[in-house]
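File shown: start_15.tsv (TSV, C-alpha atoms).
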```tsv
chain	number	residue	atom	x	y	z
A	1349	MET	CA	-12.72	0.21	-27.22
A	1350	PRO	CA	-11.71	2.67	-24.46
A	1351	ALA	CA	-8.53	1.89	-22.54
A	1352	ILE	CA	-9.04	-0.41	-19.56
A	1353	TYR	CA	-7.11	0.26	-16.37
A	1354	LEU	CA	-6.47	-2.77	-14.13
A	1355	ASP	CA	-3.38	-1.59	-12.25
A	1356	ASN	CA	-5.04	0.03	-9.25
A	1357	ASN	CA	-2.47	-1.18	-6.71
A	1358	ALA	CA	0.03	1.06	-8.50
A	1359	THR	CA	-2.24	4.10	-8.36
A	1360	THR	CA	-5.94	4.80	-8.62
A	1361	PRO	CA	-7.86	7.32	-10.73
A	1362	ILE	CA	-8.96	10.33	-8.69
A	1363	ALA	CA	-12.60	10.01	-7.70
A	1364	PRO	CA	-14.83	12.73	-9.22
A	1365	GLU	CA	-15.89	13.80	-5.70
A	1366	VAL	CA	-12.25	14.16	-4.71
A	1367	ARG	CA	-11.42	16.24	-7.75
A	1368	GLU	CA	-14.43	18.48	-7.06
A	1369	ALA	CA	-13.35	18.98	-3.44
A	1370	MET	CA	-9.81	19.95	-4.50
A	1371	VAL	CA	-10.73	22.53	-7.15
A	1372	PRO	CA	-11.56	25.43	-4.77
A	1373	TYR	CA	-8.13	25.03	-3.15
A	1374	LEU	CA	-6.50	25.36	-6.55
A	1375	ALA	CA	-8.49	28.53	-7.23
A	1376	GLU	CA	-10.07	30.90	-4.68
A	1377	HIS	CA	-8.72	29.18	-1.52
A	1378	PHE	CA	-5.09	29.42	-2.59
A	1379	GLY	CA	-3.80	31.04	0.60
A	1380	ASN	CA	-0.94	29.85	2.78
A	1381	PRO	CA	-2.41	28.09	5.84
A	1382	ALA	CA	0.11	29.92	8.06
A	1383	SER	CA	-1.22	33.35	7.04
A	1384	SER	CA	-3.51	35.20	9.45
A	1385	HIS	CA	-5.87	36.71	6.86
A	1386	ARG	CA	-9.04	35.22	5.38
A	1387	PHE	CA	-7.16	33.44	2.58
A	1388	GLY	CA	-4.99	31.61	5.10
A	1389	GLU	CA	-8.01	30.84	7.27
A	1390	ALA	CA	-9.82	29.19	4.34
A	1391	ALA	CA	-6.79	26.98	3.69
A	1392	ARG	CA	-6.49	26.09	7.39
A	1393	LEU	CA	-10.13	25.09	7.53
A	1394	GLY	CA	-9.61	22.81	4.54
A	1395	ILE	CA	-6.71	21.07	6.28
A	1396	ARG	CA	-8.68	20.78	9.52
A	1397	GLN	CA	-11.58	19.09	7.76
A	1398	ALA	CA	-9.18	16.77	5.92
A	1399	ARG	CA	-7.56	15.73	9.20
A	1400	GLU	CA	-10.97	14.91	10.65
A	1401	GLU	CA	-11.86	12.85	7.57
A	1402	VAL	CA	-8.63	10.84	7.70
A	1403	ALA	CA	-9.13	10.28	11.43
A	1404	GLY	CA	-12.65	9.12	10.67
A	1405	LEU	CA	-11.41	6.42	8.31
A	1406	LEU	CA	-8.80	5.22	10.81
A	1407	SER	CA	-11.09	5.68	13.85
A	1408	CYS	CA	-8.65	7.82	15.82
A	1409	ARG	CA	-8.40	11.35	17.20
A	1410	PRO	CA	-7.45	13.96	14.56
A	1411	GLU	CA	-4.38	15.10	16.49
A	1412	ARG	CA	-2.84	11.65	16.05
A	1413	ILE	CA	-2.63	12.25	12.28
A	1414	ILE	CA	0.53	13.79	10.78
A	1415	PHE	CA	0.18	14.84	7.16
A	1416	ASN	CA	3.05	14.20	4.75
A	1417	SER	CA	3.89	13.65	1.09
A	1418	GLY	CA	2.76	10.01	0.90
A	1419	GLY	CA	3.48	6.44	1.85
A	1420	THR	CA	7.25	6.52	1.41
A	1421	GLU	CA	7.67	9.47	3.75
A	1422	GLY	CA	5.29	7.94	6.27
A	1423	ASN	CA	7.14	4.63	6.31
A	1424	ASN	CA	10.53	6.32	6.59
A	1425	THR	CA	9.35	8.60	9.39
A	1426	ALA	CA	7.94	5.76	11.46
A	1427	ILE	CA	11.05	3.61	11.04
A	1428	PHE	CA	13.53	6.35	11.91
A	1429	SER	CA	11.39	7.58	14.82
A	1430	ALA	CA	11.38	4.15	16.43
A	1431	ALA	CA	15.04	3.40	15.67
A	1432	PHE	CA	16.32	6.69	17.09
A	1433	ALA	CA	14.18	6.51	20.25
A	1434	HIS	CA	16.16	3.90	22.18
A	1435	PRO	CA	19.93	3.95	21.46
A	1436	GLY	CA	20.39	0.71	23.39
A	1437	LYS	CA	18.01	-1.18	21.12
A	1438	LYS	CA	19.64	-2.01	17.80
A	1439	HIS	CA	17.54	-4.92	16.52
A	1440	LEU	CA	15.06	-4.24	13.70
A	1441	LEU	CA	12.51	-6.81	12.50
A	1442	SER	CA	10.63	-6.89	9.22
A	1443	SER	CA	9.78	-9.41	6.49
A	1444	ALA	CA	11.26	-10.47	3.17
A	1445	VAL	CA	8.19	-9.27	1.24
A	1446	GLU	CA	7.96	-5.63	2.32
A	1447	HIS	CA	7.75	-2.69	-0.05
A	1448	GLY	CA	10.97	-0.90	-0.95
A	1449	SER	CA	9.91	2.15	1.07
A	1450	VAL	CA	10.25	-0.03	4.17
A	1451	LEU	CA	13.21	-2.17	3.16
A	1452	ALA	CA	15.36	0.76	2.00
A	1453	PRO	CA	15.32	2.77	5.27
A	1454	LEU	CA	15.82	-0.43	7.25
A	1455	ARG	CA	18.88	-1.29	5.15
A	1456	PHE	CA	20.10	2.28	5.54
A	1457	LEU	CA	20.04	1.78	9.32
A	1458	ALA	CA	21.64	-1.66	9.01
A	1459	ALA	CA	24.61	-0.06	7.26
A	1460	ARG	CA	25.00	2.25	10.26
A	1461	GLY	CA	25.08	-0.15	13.16
A	1462	TRP	CA	21.59	-1.58	13.52
A	1463	GLU	CA	20.94	-5.31	13.12
A	1464	LEU	CA	18.24	-6.05	10.54
A	1465	GLU	CA	16.38	-9.37	10.49
A	1466	LEU	CA	13.96	-10.14	7.66
A	1467	LEU	CA	11.53	-12.92	8.47
A	1468	PRO	CA	10.64	-15.45	5.74
A	1469	VAL	CA	7.10	-16.17	4.56
A	1470	ASP	CA	5.51	-19.45	3.54
A	1471	GLU	CA	4.54	-20.41	-0.01
A	1472	GLU	CA	1.23	-18.56	0.31
A	1473	GLY	CA	2.99	-15.36	1.40
A	1474	MET	CA	1.92	-15.66	5.04
A	1475	LEU	CA	4.06	-14.73	8.04
A	1476	LEU	CA	3.15	-16.91	10.98
A	1477	PRO	CA	2.65	-15.14	14.34
A	1478	GLU	CA	4.69	-17.80	16.14
A	1479	ALA	CA	7.66	-17.00	13.90
A	1480	LEU	CA	7.39	-13.34	14.83
A	1481	ALA	CA	7.04	-14.16	18.52
A	1482	LYS	CA	10.28	-16.17	18.46
A	1483	ALA	CA	12.15	-13.41	16.63
A	1484	ILE	CA	11.32	-10.48	18.95
A	1485	ARG	CA	14.19	-9.85	21.38
A	1486	PRO	CA	14.68	-7.57	24.39
A	1487	ASP	CA	16.75	-5.27	22.16
A	1488	THR	CA	14.18	-5.15	19.32
A	1489	ALA	CA	13.51	-1.47	18.69
A	1490	LEU	CA	10.91	-1.87	15.96
A	1491	VAL	CA	8.86	-4.42	14.08
A	1492	SER	CA	7.66	-3.10	10.70
A	1493	LEU	CA	5.18	-5.28	8.80
A	1494	MET	CA	2.66	-4.54	6.07
A	1495	GLY	CA	-1.06	-5.04	6.45
A	1496	ALA	CA	-1.64	-6.21	2.87
A	1497	ASN	CA	0.93	-7.14	0.27
A	1498	ASN	CA	1.01	-4.76	-2.67
A	1499	GLU	CA	1.73	-7.53	-5.19
A	1500	THR	CA	-0.34	-10.51	-4.04
A	1501	GLY	CA	-2.93	-8.80	-1.87
A	1502	VAL	CA	-2.22	-11.29	0.94
A	1503	LEU	CA	-3.57	-10.01	4.26
A	1504	TRP	CA	-1.72	-10.43	7.55
A	1505	PRO	CA	-3.12	-10.57	11.13
A	1506	VAL	CA	-1.92	-7.09	12.10
A	1507	ALA	CA	-3.72	-6.98	15.46
A	1508	GLU	CA	-2.07	-10.26	16.49
A	1509	PHE	CA	1.34	-9.02	15.38
A	1510	ALA	CA	0.89	-5.74	17.27
A	1511	ALA	CA	-0.17	-7.54	20.45
A	1512	LEU	CA	2.96	-9.71	20.32
A	1513	CYS	CA	5.13	-6.61	19.96
A	1514	ARG	CA	3.35	-4.76	22.75
A	1515	GLY	CA	3.75	-7.73	25.07
A	1516	LYS	CA	7.49	-7.84	24.43
A	1517	GLY	CA	8.19	-4.10	24.54
A	1518	ALA	CA	8.86	-3.53	20.84
A	1519	LEU	CA	7.32	-0.71	18.82
A	1520	PHE	CA	5.16	-1.77	15.88
A	1521	HIS	CA	4.70	-0.03	12.53
A	1522	CYS	CA	2.18	-1.12	9.90
A	1523	ASP	CA	2.49	-0.15	6.26
A	1524	ALA	CA	-1.26	0.01	5.54
A	1525	ILE	CA	-0.87	1.77	2.19
A	1526	GLN	CA	-2.60	-1.03	0.27
A	1527	LEU	CA	-5.00	-1.85	3.10
A	1528	ALA	CA	-6.61	1.57	3.60
A	1529	GLY	CA	-9.74	1.97	1.54
A	1530	LYS	CA	-9.94	-1.72	0.67
A	1531	ALA	CA	-10.78	-3.08	4.12
A	1532	HIS	CA	-12.32	-1.41	7.16
A	1533	PHE	CA	-10.17	-1.26	10.29
A	1534	SER	CA	-9.59	0.78	13.43
A	1535	VAL	CA	-6.10	1.70	14.63
A	1536	ASP	CA	-7.25	1.05	18.20
A	1537	GLU	CA	-8.40	-2.46	17.32
A	1538	LEU	CA	-5.15	-3.09	15.44
A	1539	GLY	CA	-3.09	-1.80	18.38
A	1540	VAL	CA	-0.35	-0.28	16.20
A	1541	ASP	CA	2.12	2.42	17.24
A	1542	TYR	CA	2.49	3.78	13.70
A	1543	LEU	CA	0.42	3.31	10.54
A	1544	SER	CA	1.05	4.78	7.07
A	1545	ILE	CA	-1.45	5.56	4.29
A	1546	ALA	CA	-1.23	7.28	0.88
A	1547	ALA	CA	-3.96	9.19	-0.93
A	1548	HIS	CA	-3.27	7.90	-4.42
A	1549	LYS	CA	-3.97	4.29	-3.42
A	1550	LEU	CA	-7.60	5.08	-2.53
A	1551	HIS	CA	-8.72	7.41	-5.34
A	1552	GLY	CA	-7.01	10.52	-4.00
A	1553	PRO	CA	-4.16	12.59	-5.49
A	1554	LYS	CA	-0.49	11.74	-5.58
A	1555	GLY	CA	1.82	13.62	-3.22
A	1556	ALA	CA	-0.37	13.43	-0.09
A	1557	GLY	CA	-0.37	10.95	2.75
A	1558	ALA	CA	-0.69	10.55	6.49
A	1559	LEU	CA	1.04	8.82	9.37
A	1560	PHE	CA	-0.87	7.77	12.47
A	1561	VAL	CA	1.28	7.99	15.61
A	1562	ARG	CA	-0.12	6.50	18.81
A	1563	ARG	CA	-0.12	8.79	21.83
A	1564	GLY	CA	3.16	8.24	23.67
A	1565	ALA	CA	4.97	6.61	20.73
A	1566	PRO	CA	8.34	8.28	20.04
A	1567	TYR	CA	8.47	10.62	17.08
A	1568	THR	CA	11.36	12.25	15.24
A	1569	SER	CA	10.80	14.93	12.60
A	1570	LEU	CA	12.63	14.12	9.38
A	1571	ILE	CA	11.94	17.51	7.76
A	1572	HIS	CA	12.93	20.57	9.76
A	1573	GLY	CA	12.03	24.19	9.20
A	1574	SER	CA	8.96	26.09	10.36
A	1575	GLY	CA	6.28	24.79	12.71
A	1576	GLN	CA	3.76	23.09	10.43
A	1577	GLU	CA	1.92	20.01	11.73
A	1578	ASP	CA	2.45	21.24	15.31
A	1579	GLY	CA	6.18	21.24	14.71
A	1580	ARG	CA	6.21	17.60	13.59
A	1581	ARG	CA	6.70	18.05	9.84
A	1582	ALA	CA	7.99	21.29	8.34
A	1583	GLY	CA	7.05	22.64	4.93
A	1584	THR	CA	4.13	24.59	3.52
A	1585	GLU	CA	1.22	22.20	3.31
A	1586	ASN	CA	-0.01	20.75	0.03
A	1587	VAL	CA	-3.50	22.03	0.74
A	1588	PRO	CA	-5.30	20.75	-2.41
A	1589	GLY	CA	-3.62	17.34	-2.01
A	1590	LEU	CA	-4.53	17.06	1.66
A	1591	VAL	CA	-8.11	18.12	0.98
A	1592	GLY	CA	-8.20	15.39	-1.68
A	1593	LEU	CA	-6.79	12.86	0.78
A	1594	GLY	CA	-9.47	13.76	3.29
A	1595	ARG	CA	-12.31	13.44	0.81
A	1596	ALA	CA	-10.91	10.14	-0.48
A	1597	CYS	CA	-10.85	8.80	3.09
A	1598	ALA	CA	-14.42	9.97	3.68
A	1599	LEU	CA	-15.57	8.16	0.53
A	1600	ALA	CA	-13.69	5.00	1.54
A	1601	ALA	CA	-15.35	5.09	4.96
A	1602	GLU	CA	-18.75	5.05	3.24
A	1603	LEU	CA	-18.07	1.82	1.34
A	1604	ASP	CA	-20.22	-1.00	2.65
A	1605	ALA	CA	-19.79	-4.77	2.63
A	1606	ALA	CA	-21.70	-5.03	-0.65
A	1607	ALA	CA	-19.09	-2.88	-2.43
A	1608	HIS	CA	-16.29	-5.13	-1.25
A	1609	GLN	CA	-18.28	-8.26	-2.12
A	1610	ARG	CA	-18.84	-6.98	-5.67
A	1611	LEU	CA	-15.09	-6.59	-6.15
A	1612	ALA	CA	-14.38	-10.00	-4.64
A	1613	ALA	CA	-16.92	-11.61	-6.97
A	1614	MET	CA	-15.32	-10.00	-10.04
A	1615	ARG	CA	-11.82	-10.98	-8.91
A	1616	ASP	CA	-12.92	-14.56	-8.23
A	1617	ARG	CA	-14.63	-14.86	-11.61
A	1618	LEU	CA	-11.54	-13.52	-13.34
A	1619	GLU	CA	-9.31	-16.08	-11.61
A	1620	ARG	CA	-11.72	-18.95	-12.20
A	1621	GLU	CA	-12.02	-18.20	-15.90
A	1622	LEU	CA	-8.29	-17.66	-16.43
A	1623	LEU	CA	-7.43	-20.96	-14.78
A	1624	ALA	CA	-10.06	-22.69	-16.92
A	1625	ARG	CA	-8.93	-21.12	-20.21
A	1626	ILE	CA	-5.14	-21.11	-19.78
A	1627	SER	CA	-3.14	-24.21	-18.91
A	1628	GLU	CA	-0.23	-24.19	-16.48
A	1629	ALA	CA	-1.31	-21.11	-14.56
A	1630	ARG	CA	-1.23	-20.52	-10.79
A	1631	ILE	CA	-2.65	-17.92	-8.41
A	1632	ASN	CA	0.06	-16.74	-6.03
A	1633	GLY	CA	-1.27	-16.45	-2.49
A	1634	GLY	CA	-4.62	-17.81	-3.60
A	1635	ASN	CA	-5.12	-19.92	-0.48
A	1636	ALA	CA	-4.41	-17.04	1.92
A	1637	PRO	CA	-6.73	-14.22	3.00
A	1638	ARG	CA	-6.40	-11.48	0.37
A	1639	LEU	CA	-7.57	-8.03	-0.58
A	1640	VAL	CA	-10.78	-8.30	-2.57
A	1641	ASN	CA	-9.38	-6.40	-5.55
A	1642	THR	CA	-6.07	-8.15	-6.19
A	1643	THR	CA	-4.96	-11.20	-8.14
A	1644	ASN	CA	-1.37	-12.24	-8.80
A	1645	ILE	CA	-1.22	-14.92	-11.48
A	1646	SER	CA	1.76	-16.67	-13.06
A	1647	PHE	CA	1.79	-18.45	-16.41
A	1648	ARG	CA	4.45	-21.09	-17.00
A	1649	HIS	CA	7.05	-20.33	-19.68
A	1650	THR	CA	5.91	-16.78	-20.44
A	1651	SER	CA	7.40	-13.29	-20.14
A	1652	SER	CA	5.78	-10.69	-17.87
A	1653	ALA	CA	7.23	-7.84	-19.91
A	1654	GLY	CA	5.92	-9.30	-23.15
A	1655	LEU	CA	2.45	-9.90	-21.73
A	1656	ILE	CA	2.22	-6.38	-20.31
A	1657	GLN	CA	3.31	-4.84	-23.60
A	1658	ASP	CA	0.95	-7.01	-25.63
A	1659	LEU	CA	-2.03	-6.16	-23.44
A	1660	ASP	CA	-1.10	-2.48	-23.46
A	1661	THR	CA	-1.17	-2.37	-27.25
A	1662	ARG	CA	-4.67	-3.84	-27.01
A	1663	GLY	CA	-5.78	-1.16	-24.54
A	1664	ILE	CA	-5.48	-2.98	-21.19
A	1665	ALA	CA	-3.13	-1.85	-18.41
A	1666	VAL	CA	-1.82	-4.40	-15.90
A	1667	SER	CA	1.57	-4.80	-14.17
A	1668	ALA	CA	4.01	-7.41	-12.96
A	1669	HIS	CA	4.93	-6.05	-9.53
A	1670	ALA	CA	5.26	-2.78	-7.62
A	1671	ALA	CA	5.09	0.29	-9.85
A	1672	CYS	CA	8.21	1.64	-8.11
A	1673	GLU	CA	10.07	-1.35	-9.54
A	1674	SER	CA	8.41	-1.46	-12.97
A	1675	GLY	CA	11.70	-0.74	-14.73
A	1676	ASP	CA	13.36	-3.65	-12.96
A	1677	LEU	CA	13.64	-6.70	-15.23
A	1678	ASP	CA	14.35	-9.06	-12.31
A	1679	PRO	CA	11.45	-11.14	-10.99
A	1680	SER	CA	9.63	-9.94	-7.90
A	1681	HIS	CA	11.40	-10.34	-4.56
A	1682	VAL	CA	7.97	-11.09	-3.09
A	1683	LEU	CA	7.43	-14.12	-5.34
A	1684	ARG	CA	11.00	-15.30	-4.80
A	1685	ALA	CA	10.35	-15.20	-1.04
A	1686	MET	CA	7.20	-17.26	-1.66
A	1687	ARG	CA	9.31	-19.80	-3.57
A	1688	VAL	CA	7.32	-19.55	-6.78
A	1689	PRO	CA	8.93	-22.01	-9.25
A	1690	GLU	CA	11.43	-20.49	-11.68
A	1691	ASP	CA	9.44	-21.54	-14.75
A	1692	PHE	CA	6.43	-19.56	-13.46
A	1693	LEU	CA	8.32	-16.70	-11.84
A	1694	HIS	CA	9.10	-14.77	-15.03
A	1695	GLY	CA	5.53	-14.82	-16.34
A	1696	THR	CA	3.56	-13.07	-13.61
A	1697	LEU	CA	0.84	-10.45	-13.85
A	1698	ARG	CA	-0.62	-8.38	-11.03
A	1699	ILE	CA	-4.20	-7.46	-11.89
A	1700	SER	CA	-5.81	-5.04	-9.47
A	1701	LEU	CA	-9.40	-3.78	-9.69
A	1702	SER	CA	-11.10	-0.72	-8.23
A	1703	ARG	CA	-14.60	0.33	-7.30
A	1704	TYR	CA	-14.91	1.69	-10.85
A	1705	THR	CA	-14.02	-1.60	-12.59
A	1706	ARG	CA	-16.87	-2.98	-14.68
A	1707	GLU	CA	-17.80	-6.55	-15.60
A	1708	GLU	CA	-17.33	-5.82	-19.31
A	1709	GLU	CA	-13.71	-4.82	-18.61
A	1710	ILE	CA	-13.13	-8.21	-17.00
A	1711	ASP	CA	-14.74	-9.79	-20.06
A	1712	ALA	CA	-12.34	-7.89	-22.33
A	1713	LEU	CA	-9.30	-9.11	-20.40
A	1714	LEU	CA	-10.60	-12.68	-20.46
A	1715	ALA	CA	-11.04	-12.44	-24.22
A	1716	LEU	CA	-7.49	-11.19	-24.85
A	1717	LEU	CA	-5.22	-12.74	-22.25
A	1718	PRO	CA	-5.33	-16.39	-23.40
A	1719	SER	CA	-4.04	-15.45	-26.86
A	1720	ALA	CA	-1.42	-13.15	-25.32
A	1721	VAL	CA	-0.15	-16.02	-23.16
A	1722	ALA	CA	-0.09	-18.38	-26.14
A	1723	GLY	CA	1.92	-15.86	-28.14
A	1724	SER	CA	4.34	-15.30	-25.29
A	1725	ARG	CA	4.92	-19.04	-24.91
A	1726	GLN	CA	5.79	-19.39	-28.59
A	1727	GLY	CA	8.68	-17.00	-28.22
A	1728	PHE	CA	9.71	-17.85	-24.66
A	1729	VAL	CA	13.33	-18.75	-23.98
A	1730	LEU	CA	14.12	-20.04	-20.47
```

Write-out of the structure in structure tokens:
Amino acid sequence: MPAIYLDNNATTPIAPEVREAMVPYLAEHFGNPASSHRFGEAARLGIRQAREEVAGLLSCRPERIIFNSGGTEGNNTAIFSAAFAHPGKKHLLSSAVEHGSVLAPLRFLAARGWELELLPVDEEGMLLPEALAKAIRPDTALVSLMGANNETGVLWPVAEFAALCRGKGALFHCDAIQLAGKAHFSVDELGVDYLSIAAHKLHGPKGAGALFVRRGAPYTSLIHGSGQEDGRRAGTENVPGLVGLGRACALAAELDAAAHQRLAAMRDRLERELLARISEARINGGNAPRLVNTTNISFRHTSSAGLIQDLDTRGIAVSAHAACESGDLDPSHVLRAMRVPEDFLHGTLRISLSRYTREEEIDALLALLPSAVAGSRQGFVL
């Protein structure tokens, strides 16, 4: 049986259309976009089209898009831009369940004089708007909150959060790295000041991403050098990667409600069958709005590492939490913040589907996972 990939929140396979769009920029269109000859012009045109395609997915003007190396750079850039803009504002707000690419720069600033406040979530992984409203202060420089959790898929009311920030004079950044391509949205409707996306989360290549910056929002370049990106981000552009990002965004924009419903139906069937076949299992965040492709399931008295290894030897790839933390043996900080019981916490799997996932792949996982859980429980030591 061919290997089955169900870890799409870590990274996605490159779509064939994306790969095809990138190939010319790895071959005949290899020029430096800053060059004035025909080779440079071909590269510039590729970047221009990519910017228009990304703007099309986000429903914004192309000039509001700043290309970068991916989600981590986008998140860091937004956070530092907002923090450095108003020296008199030293309060930073985020949540306890953010990705490390948000928490790390915030903690970096906290070690240098800023005050960082991480808001708790409830047992379903939800952050209540009233809790955010109470926490925003006159000296709050930035609120940084994700649109969809990378581990549980739990969706947050970004537009409501942004409106609260706007009404109280705080800048708002949304890490939409898991949201883009899995749910349709407009940056105008969301009302964000900054929004980050990454190509490899929506069937594009690794090493390419984009940051939306609202007109008038403060911006600080983190990488200095020549004048690429209108002087906003130095460094010779990753032309094939950006072309791939653009094509991936164009494909995502074409997805209709039926495509999302198909994924939701597969995810729901998977959860329903697992809960029926395996005792003492729970869906984390299952009662909250979620991405259609994501399930986070814990099995009592099992080992995540053992389950992942067992499934991998049988040809199925899943994960326990963020890929950036896959070498970390500690349980997920997201699930700890959600107060998942200790006897479930250590036996969690994140299973994330894509538009290429097939029903027979779900059948294969359903056939193998119950025995994997039973085997893990036999050797489990609390």

Give me the residues within 7 Å of range 1562-1573 of chain A as an NGL selection string, counting only C-alpha atoms and dropping any in the same chain fewer than 4 places off.
:A and (1412 or 1425 or 1429-1430 or 1433 or 1541-1542 or 1580-1583)

Test item: residues at most 8 Å from Ala1363 in chain A, all atoms listed in the file, excluding those fewer than 4 positions along its chain, as an MDAnalysis selection string:
chainID A and resid 1367 1551:1552 1596

Could you give me, as a list in words, the residues within 10 Å of Glu1577 in chain A, counting all atoms listed in the file and dropping anything in the same chain fewer than 2 positions from it?
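Counting only the stated atoms, we get Glu1411, Ile1413, Ile1414, Phe1415, Asn1416, Ser1574, Gly1575, Gly1579, Arg1580, Arg1581, Ala1582, Gly1583, Thr1584 and Glu1585 of chain A.
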
Neighbourhood query: residues within 8 Å of (-4.5, -4.9, 16.9), file coordinates, counting all atoms listed in the file; return as a ChimeraX atom specification.
/A:1506-1511,1535-1540

What's the separation between CA of His1521 in chain A and CA of Arg1687 in chain A, in Å to one decimal place?
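Taking CA of His1521 in chain A as the start and CA of Arg1687 in chain A as the end point, the length is 25.9 Å.
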
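Residues with any atom within 10 Å of Phe1647 in chain A, counting only C-alpha atoms and excluding same-chain neighbours fewer than 4 positions away, are Leu1623, Ile1626, Ser1627, Glu1628, Ala1629, Arg1630, Ile1631, Ser1651, Ser1652, Asp1691, Phe1692, Leu1693, His1694, Gly1695, Thr1696, Leu1697, Val1721, Ala1722, Ser1724 and Arg1725 of chain A.
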
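Restricting the calculation to all atoms listed in the file, the smallest distance between Glu1376 in chain A and any of A:Ala1546, A:Pro1588, A:Ala1452, A:Glu1401 is found for A:Pro1588.
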
Excluding Ala1375 in chain A and its own-chain neighbours fewer than 6 positions away, which residues fall within 12 Å of it when counting all atoms listed in the file? Please give them as number ranges by chain.
A: 1368-1369, 1387, 1390-1391, 1587-1588

Which is closest to Gly1418 in chain A among A:Leu1714, A:Leu1559, A:Ala1458, A:Ile1664, if we use all atoms listed in the file?
A:Leu1559

Which residue of A:Asn1641, A:Thr1359, A:Thr1650, A:Asn1423 approaches Arg1610 in chain A most closely, using only C-alpha atoms
A:Asn1641

From A:Ala1426, A:Ala1483, A:Arg1615, A:Gly1473, residue lying nearest Ile1710 in chain A [only C-alpha atoms]
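Looking at the shortest contact to Ile1710 in chain A, the residue is A:Arg1615.
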
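Relative to CA of Leu1603 in chain A, CA of Pro1553 in chain A is found at 18.9 Å.
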
Measuring between only C-alpha atoms, which one of A:Val1402, A:Ala1547, A:Leu1440, A:Ile1645 shows the shortest distance to Ile1484 in chain A?
A:Leu1440

Separation of CA of Ala1605 in chain A from CA of Gly1394 in chain A in Å
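A separation of 29.5 Å between them.
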
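With all atoms listed in the file as the atoms that count, the minimum distance from Gly1495 in chain A to the choices A:Ala1606, A:Leu1476, A:Ala1528, A:Leu1683 is reached by A:Ala1528.
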